[in-house]
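Engineer: You'll find protein16.cif just under this line, and it carries mmCIF, N, CA and C atoms.
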```cif
data_data
loop_
_atom_site.label_atom_id
_atom_site.label_comp_id
_atom_site.auth_asym_id
_atom_site.auth_seq_id
_atom_site.Cartn_x
_atom_site.Cartn_y
_atom_site.Cartn_z
N MET A 1 132.87 74.42 102.26
CA MET A 1 133.07 75.70 101.63
C MET A 1 132.74 76.78 102.64
N LYS A 2 133.62 77.76 102.75
CA LYS A 2 133.41 78.89 103.66
C LYS A 2 133.18 80.15 102.82
N LEU A 3 132.08 80.81 103.06
CA LEU A 3 131.76 82.05 102.35
C LEU A 3 132.50 83.22 102.99
N ILE A 4 132.69 84.29 102.22
CA ILE A 4 133.34 85.47 102.76
C ILE A 4 132.45 86.11 103.82
N ASP A 5 133.07 86.77 104.79
CA ASP A 5 132.32 87.41 105.87
C ASP A 5 131.42 88.51 105.30
N GLY A 6 130.20 88.54 105.76
CA GLY A 6 129.26 89.58 105.36
C GLY A 6 128.85 89.50 103.90
N TRP A 7 128.80 88.31 103.34
CA TRP A 7 128.51 88.17 101.91
C TRP A 7 127.13 88.70 101.55
N ARG A 8 126.18 88.59 102.44
CA ARG A 8 124.83 89.09 102.13
C ARG A 8 124.81 90.61 101.99
N GLN A 9 125.56 91.30 102.83
CA GLN A 9 125.57 92.76 102.79
C GLN A 9 126.41 93.30 101.63
N GLN A 10 127.46 92.58 101.26
CA GLN A 10 128.36 93.15 100.26
C GLN A 10 128.20 92.56 98.87
N ALA A 11 127.39 91.54 98.69
CA ALA A 11 127.28 90.89 97.38
C ALA A 11 126.90 91.86 96.27
N LEU A 12 125.92 92.71 96.51
CA LEU A 12 125.49 93.64 95.48
C LEU A 12 126.43 94.83 95.32
N ARG A 13 127.34 95.01 96.24
CA ARG A 13 128.30 96.11 96.14
C ARG A 13 129.57 95.70 95.40
N LEU A 14 129.79 94.40 95.25
CA LEU A 14 130.99 93.91 94.58
C LEU A 14 130.85 94.06 93.06
N TRP A 15 131.83 94.68 92.45
CA TRP A 15 131.78 94.88 91.01
C TRP A 15 131.88 93.56 90.27
N SER A 16 132.54 92.58 90.85
CA SER A 16 132.61 91.27 90.18
C SER A 16 131.22 90.65 90.06
N VAL A 17 130.39 90.84 91.06
CA VAL A 17 129.02 90.33 91.02
C VAL A 17 128.20 91.12 90.00
N ARG A 18 128.38 92.42 89.97
CA ARG A 18 127.63 93.26 89.03
C ARG A 18 127.97 92.92 87.58
N ILE A 19 129.26 92.74 87.28
CA ILE A 19 129.66 92.44 85.91
C ILE A 19 129.21 91.04 85.52
N SER A 20 129.28 90.10 86.45
CA SER A 20 128.78 88.75 86.18
C SER A 20 127.28 88.79 85.88
N ALA A 21 126.54 89.57 86.63
CA ALA A 21 125.10 89.70 86.39
C ALA A 21 124.83 90.33 85.03
N LEU A 22 125.60 91.34 84.66
CA LEU A 22 125.44 91.97 83.35
C LEU A 22 125.69 90.96 82.24
N GLY A 23 126.75 90.18 82.37
CA GLY A 23 127.05 89.16 81.38
C GLY A 23 125.95 88.13 81.27
N SER A 24 125.40 87.73 82.40
CA SER A 24 124.31 86.76 82.40
C SER A 24 123.06 87.33 81.73
N ILE A 25 122.77 88.58 81.99
CA ILE A 25 121.61 89.22 81.37
C ILE A 25 121.79 89.34 79.86
N LEU A 26 122.99 89.75 79.44
CA LEU A 26 123.26 89.86 78.00
C LEU A 26 123.16 88.49 77.32
N TRP A 27 123.76 87.48 77.92
CA TRP A 27 123.72 86.14 77.34
C TRP A 27 122.28 85.63 77.29
N GLY A 28 121.53 85.85 78.33
CA GLY A 28 120.13 85.43 78.36
C GLY A 28 119.30 86.14 77.30
N ALA A 29 119.55 87.43 77.09
CA ALA A 29 118.81 88.18 76.08
C ALA A 29 119.12 87.66 74.68
N VAL A 30 120.38 87.39 74.42
CA VAL A 30 120.76 86.86 73.11
C VAL A 30 120.16 85.48 72.89
N ALA A 31 120.18 84.65 73.92
CA ALA A 31 119.63 83.30 73.79
C ALA A 31 118.11 83.31 73.66
N ALA A 32 117.45 84.20 74.39
CA ALA A 32 115.99 84.22 74.39
C ALA A 32 115.41 84.95 73.17
N PHE A 33 116.11 85.96 72.70
CA PHE A 33 115.58 86.80 71.61
C PHE A 33 116.60 86.98 70.48
N PRO A 34 117.02 85.92 69.83
CA PRO A 34 118.05 86.07 68.79
C PRO A 34 117.57 86.91 67.61
N ASP A 35 116.30 86.82 67.27
CA ASP A 35 115.80 87.60 66.13
C ASP A 35 115.83 89.09 66.42
N GLN A 36 115.48 89.47 67.65
CA GLN A 36 115.48 90.89 68.01
C GLN A 36 116.91 91.43 68.06
N MET A 37 117.85 90.60 68.52
CA MET A 37 119.25 91.05 68.56
C MET A 37 119.77 91.28 67.14
N LEU A 38 119.42 90.40 66.23
CA LEU A 38 119.81 90.57 64.83
C LEU A 38 119.15 91.81 64.23
N ALA A 39 117.88 92.04 64.58
CA ALA A 39 117.18 93.23 64.08
C ALA A 39 117.84 94.50 64.61
N LEU A 40 118.24 94.51 65.89
CA LEU A 40 118.94 95.67 66.45
C LEU A 40 120.26 95.92 65.72
N TRP A 41 120.97 94.84 65.43
CA TRP A 41 122.24 94.96 64.71
C TRP A 41 122.01 95.57 63.32
N ASN A 42 120.98 95.08 62.65
CA ASN A 42 120.70 95.57 61.30
C ASN A 42 120.16 96.99 61.28
N MET A 43 119.59 97.45 62.40
CA MET A 43 119.07 98.82 62.49
C MET A 43 120.19 99.85 62.66
N MET A 44 121.35 99.39 63.13
CA MET A 44 122.46 100.33 63.31
C MET A 44 122.95 100.82 61.96
N PRO A 45 123.36 102.08 61.90
CA PRO A 45 123.91 102.59 60.64
C PRO A 45 125.17 101.80 60.25
N ALA A 46 125.39 101.68 58.97
CA ALA A 46 126.55 100.93 58.46
C ALA A 46 127.86 101.52 58.97
N GLU A 47 127.90 102.83 59.18
CA GLU A 47 129.12 103.46 59.70
C GLU A 47 129.45 102.95 61.09
N VAL A 48 128.43 102.80 61.92
CA VAL A 48 128.65 102.31 63.28
C VAL A 48 129.06 100.84 63.25
N ARG A 49 128.37 100.05 62.45
CA ARG A 49 128.73 98.63 62.33
C ARG A 49 130.14 98.45 61.80
N GLY A 50 130.62 99.40 61.03
CA GLY A 50 131.99 99.34 60.51
C GLY A 50 133.04 99.45 61.59
N PHE A 51 132.71 100.09 62.71
CA PHE A 51 133.66 100.22 63.82
C PHE A 51 133.80 98.94 64.63
N VAL A 52 132.81 98.07 64.56
CA VAL A 52 132.82 96.83 65.33
C VAL A 52 133.55 95.76 64.53
N PRO A 53 134.61 95.17 65.10
CA PRO A 53 135.32 94.12 64.37
C PRO A 53 134.40 92.94 64.05
N GLU A 54 134.72 92.24 62.96
CA GLU A 54 133.86 91.17 62.48
C GLU A 54 133.64 90.07 63.52
N ARG A 55 134.66 89.71 64.27
CA ARG A 55 134.56 88.62 65.24
C ARG A 55 134.42 89.14 66.68
N ALA A 56 133.89 90.33 66.87
CA ALA A 56 133.78 90.92 68.20
C ALA A 56 132.89 90.10 69.12
N GLY A 57 131.86 89.50 68.59
CA GLY A 57 130.94 88.71 69.42
C GLY A 57 131.60 87.53 70.10
N THR A 58 132.65 86.99 69.48
CA THR A 58 133.33 85.84 70.09
C THR A 58 134.18 86.25 71.28
N TRP A 59 134.49 87.53 71.38
CA TRP A 59 135.34 88.01 72.47
C TRP A 59 134.56 88.53 73.68
N VAL A 60 133.27 88.69 73.56
CA VAL A 60 132.48 89.28 74.64
C VAL A 60 132.58 88.46 75.92
N GLY A 61 132.41 87.17 75.82
CA GLY A 61 132.50 86.31 77.01
C GLY A 61 133.86 86.37 77.67
N PHE A 62 134.91 86.33 76.86
CA PHE A 62 136.26 86.41 77.39
C PHE A 62 136.51 87.74 78.09
N VAL A 63 136.07 88.82 77.48
CA VAL A 63 136.27 90.16 78.06
C VAL A 63 135.52 90.29 79.38
N LEU A 64 134.28 89.80 79.43
CA LEU A 64 133.52 89.87 80.69
C LEU A 64 134.19 89.03 81.78
N PHE A 65 134.68 87.85 81.42
CA PHE A 65 135.37 86.99 82.39
C PHE A 65 136.62 87.69 82.92
N ALA A 66 137.40 88.28 82.03
CA ALA A 66 138.61 89.00 82.45
C ALA A 66 138.27 90.19 83.33
N LEU A 67 137.20 90.91 83.01
CA LEU A 67 136.78 92.04 83.84
C LEU A 67 136.38 91.60 85.24
N VAL A 68 135.69 90.47 85.34
CA VAL A 68 135.30 89.96 86.67
C VAL A 68 136.53 89.70 87.51
N ILE A 69 137.53 89.06 86.92
CA ILE A 69 138.76 88.77 87.67
C ILE A 69 139.46 90.08 88.05
N LEU A 70 139.55 91.00 87.11
CA LEU A 70 140.23 92.27 87.37
C LEU A 70 139.56 93.06 88.48
N VAL A 71 138.25 93.22 88.41
CA VAL A 71 137.59 94.04 89.44
C VAL A 71 137.55 93.34 90.79
N ARG A 72 137.66 92.02 90.80
CA ARG A 72 137.69 91.31 92.09
C ARG A 72 139.00 91.57 92.81
N LEU A 73 140.06 91.86 92.05
CA LEU A 73 141.37 92.13 92.64
C LEU A 73 141.53 93.57 93.10
N ILE A 74 140.68 94.47 92.61
CA ILE A 74 140.75 95.88 92.98
C ILE A 74 140.02 96.08 94.31
N PRO A 75 140.61 96.82 95.25
CA PRO A 75 139.93 97.07 96.52
C PRO A 75 138.59 97.79 96.29
N GLN A 76 137.58 97.35 97.02
CA GLN A 76 136.25 97.92 96.89
C GLN A 76 135.81 98.40 98.29
N PRO A 77 136.10 99.66 98.61
CA PRO A 77 135.90 100.16 99.97
C PRO A 77 134.46 100.03 100.48
N LYS A 78 133.45 100.28 99.66
CA LYS A 78 132.07 100.19 100.13
C LYS A 78 131.72 98.76 100.53
N ALA A 79 132.15 97.81 99.73
CA ALA A 79 131.88 96.40 100.05
C ALA A 79 132.65 95.99 101.30
N GLN A 80 133.89 96.46 101.43
CA GLN A 80 134.69 96.13 102.60
C GLN A 80 134.06 96.72 103.86
N ALA A 81 133.56 97.95 103.78
CA ALA A 81 132.91 98.58 104.93
C ALA A 81 131.66 97.81 105.32
N ALA A 82 130.91 97.33 104.35
CA ALA A 82 129.72 96.55 104.65
C ALA A 82 130.08 95.24 105.33
N ALA A 83 131.18 94.64 104.87
CA ALA A 83 131.61 93.37 105.47
C ALA A 83 132.06 93.58 106.90
N GLU A 84 132.78 94.67 107.16
CA GLU A 84 133.22 94.96 108.52
C GLU A 84 132.04 95.25 109.44
N GLY A 85 131.04 95.97 108.91
CA GLY A 85 129.85 96.25 109.70
C GLY A 85 129.07 94.97 110.02
N ALA A 86 129.03 94.05 109.07
CA ALA A 86 128.32 92.79 109.27
C ALA A 86 129.05 91.90 110.27
N SER A 87 130.38 91.93 110.24
CA SER A 87 131.12 91.08 111.16
C SER A 87 131.06 91.62 112.59
N ASP A 88 130.82 92.93 112.72
CA ASP A 88 130.66 93.53 114.05
C ASP A 88 129.26 93.31 114.60
N GLY A 89 128.34 92.90 113.74
CA GLY A 89 126.98 92.70 114.16
C GLY A 89 126.13 93.95 114.04
N SER A 90 126.71 95.04 113.55
CA SER A 90 125.96 96.29 113.38
C SER A 90 125.54 96.44 111.94
N ARG A 91 124.57 97.28 111.72
CA ARG A 91 124.14 97.55 110.36
C ARG A 91 123.56 98.92 110.27
#
```
Please express the file's structure as C-alpha coordinates.
Structural biologist:
Amino acid sequence: MKLIDGWRQQALRLWSVRISALGSILWGAVAAFPDQMLALWNMMPAEVRGFVPERAGTWVGFVLFALVILVRLIPQPKAQAAAEGASDGSR
(Lines of atoms letter the chains of each structure in order from A and count residues from 1; the text may use other names and numbers.)
(Lines give C-alpha, C1' and ligand atoms only; values in the text may rest on other atoms or scores of the structure.)
Protein backbone atom coordinates (compact mmCIF):
# COMPACT_ATOMS: atom_id res chain seq x y z
CA MET A 1 0.00 0.00 0.00
CA LYS A 2 1.33 3.42 -0.95
CA LEU A 3 0.12 6.44 1.01
CA ILE A 4 -0.48 9.81 -0.63
CA ASP A 5 2.46 12.22 -0.61
CA GLY A 6 2.58 14.44 2.45
CA TRP A 7 -0.23 12.59 4.23
CA ARG A 8 0.95 13.71 7.65
CA GLN A 9 0.79 17.39 6.75
CA GLN A 10 -2.49 17.28 4.85
CA ALA A 11 -4.53 14.69 6.76
CA LEU A 12 -6.20 17.24 9.05
CA ARG A 13 -6.80 19.63 6.16
CA LEU A 14 -8.74 17.10 4.08
CA TRP A 15 -12.49 17.52 4.41
CA SER A 16 -12.98 13.79 3.89
CA VAL A 17 -10.97 13.15 7.05
CA ARG A 18 -12.86 15.83 8.97
CA ILE A 19 -16.29 14.49 7.99
CA SER A 20 -15.21 10.91 8.76
CA ALA A 21 -14.05 12.06 12.20
CA LEU A 22 -17.35 13.86 12.79
CA GLY A 23 -19.28 10.72 11.87
CA SER A 24 -17.13 8.63 14.18
CA ILE A 25 -17.65 11.05 17.06
CA LEU A 26 -21.42 11.11 16.51
CA TRP A 27 -21.62 7.32 16.28
CA GLY A 28 -19.48 6.94 19.39
CA ALA A 29 -21.64 9.40 21.34
CA VAL A 30 -24.83 7.58 20.39
CA ALA A 31 -23.31 4.21 21.27
CA ALA A 32 -21.79 5.39 24.55
CA PHE A 33 -24.66 7.55 25.78
CA PRO A 34 -27.96 6.32 24.29
CA ASP A 35 -30.01 7.56 27.24
CA GLN A 36 -28.64 11.09 26.96
CA MET A 37 -29.28 11.15 23.20
CA LEU A 38 -32.90 10.12 23.80
CA ALA A 39 -33.20 12.76 26.53
CA LEU A 40 -31.87 15.43 24.12
CA TRP A 41 -34.39 14.32 21.52
CA ASN A 42 -37.24 14.51 24.02
CA MET A 43 -36.11 17.98 25.20
CA MET A 44 -36.59 19.42 21.71
CA PRO A 45 -39.88 21.21 21.14
CA ALA A 46 -42.48 19.13 19.30
CA GLU A 47 -42.47 21.68 16.47
CA VAL A 48 -38.77 21.08 15.83
CA ARG A 49 -39.14 17.29 16.05
CA GLY A 50 -41.95 17.58 13.50
CA PHE A 51 -39.46 18.84 10.89
CA VAL A 52 -37.27 15.75 11.24
CA PRO A 53 -38.52 12.80 9.16
CA GLU A 54 -39.42 9.69 11.14
CA ARG A 55 -36.65 7.53 9.64
CA ALA A 56 -33.97 10.26 9.47
CA GLY A 57 -31.64 8.39 11.81
CA THR A 58 -31.30 5.53 9.34
CA TRP A 59 -29.98 7.92 6.70
CA VAL A 60 -27.27 9.62 8.76
CA GLY A 61 -24.60 7.02 8.02
CA PHE A 62 -25.39 6.99 4.32
CA VAL A 63 -25.33 10.79 4.09
CA LEU A 64 -21.98 11.01 5.91
CA PHE A 65 -20.50 8.32 3.64
CA ALA A 66 -21.73 10.15 0.53
CA LEU A 67 -20.32 13.45 1.85
CA VAL A 68 -16.90 11.86 2.40
CA ILE A 69 -16.81 10.67 -1.20
CA LEU A 70 -18.07 14.01 -2.52
CA VAL A 71 -15.59 16.18 -0.64
CA ARG A 72 -12.72 13.85 -1.54
CA LEU A 73 -13.42 14.56 -5.21
CA ILE A 74 -13.48 18.35 -4.73
CA PRO A 75 -10.09 20.07 -5.04
CA GLN A 76 -8.75 21.14 -1.64
CA PRO A 77 -6.09 23.81 -2.25
CA LYS A 78 -4.78 24.05 1.34
CA ALA A 79 -4.23 20.30 1.55
CA GLN A 80 -2.64 20.26 -1.89
CA ALA A 81 -0.27 23.10 -0.92
CA ALA A 82 0.73 21.21 2.21
CA ALA A 83 1.41 18.08 0.17
CA GLU A 84 3.56 20.02 -2.30
CA GLY A 85 5.49 21.62 0.55
CA ALA A 86 6.06 18.21 2.14
CA SER A 87 7.26 16.65 -1.09
CA ASP A 88 9.75 19.51 -1.54
CA GLY A 89 11.08 18.89 1.94
CA SER A 90 10.12 22.37 3.13
CA ARG A 91 7.63 23.28 5.78
Engineer: Check stretch 10-80 of chain A with DSSP on the backbone and list each residue it calls helix (DSSP H, G or I), as a ChimeraX atom specification.
Structural biologist: /A:10-13,15-32,34-43,46-51,56-73,77-80
Engineer: Selection in question (the file shown): the PyMOL selection byres ((chain A and resi 6-12) around 5). Which residues does it include, as a ChimeraX atom specification?
Structural biologist: /A:4-5,13-14,79,83
Engineer: Quick one: residues within 10 Å of stretch 19-23 of chain A, only C-alpha atoms counted, chain neighbours fewer than 4 positions away excluded, as an MDAnalysis selection string?
Structural biologist: chainID A and resid 12 14:15 27:29 60:61 63:65 67:69 71
Engineer: Which distance in Å separates atom N of A:Arg49 and atom CA of A:Asp35, to one decimal?
Structural biologist: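 Answer for the atom N of A:Arg49 to atom CA of A:Asp35 separation: 18.1 Å.
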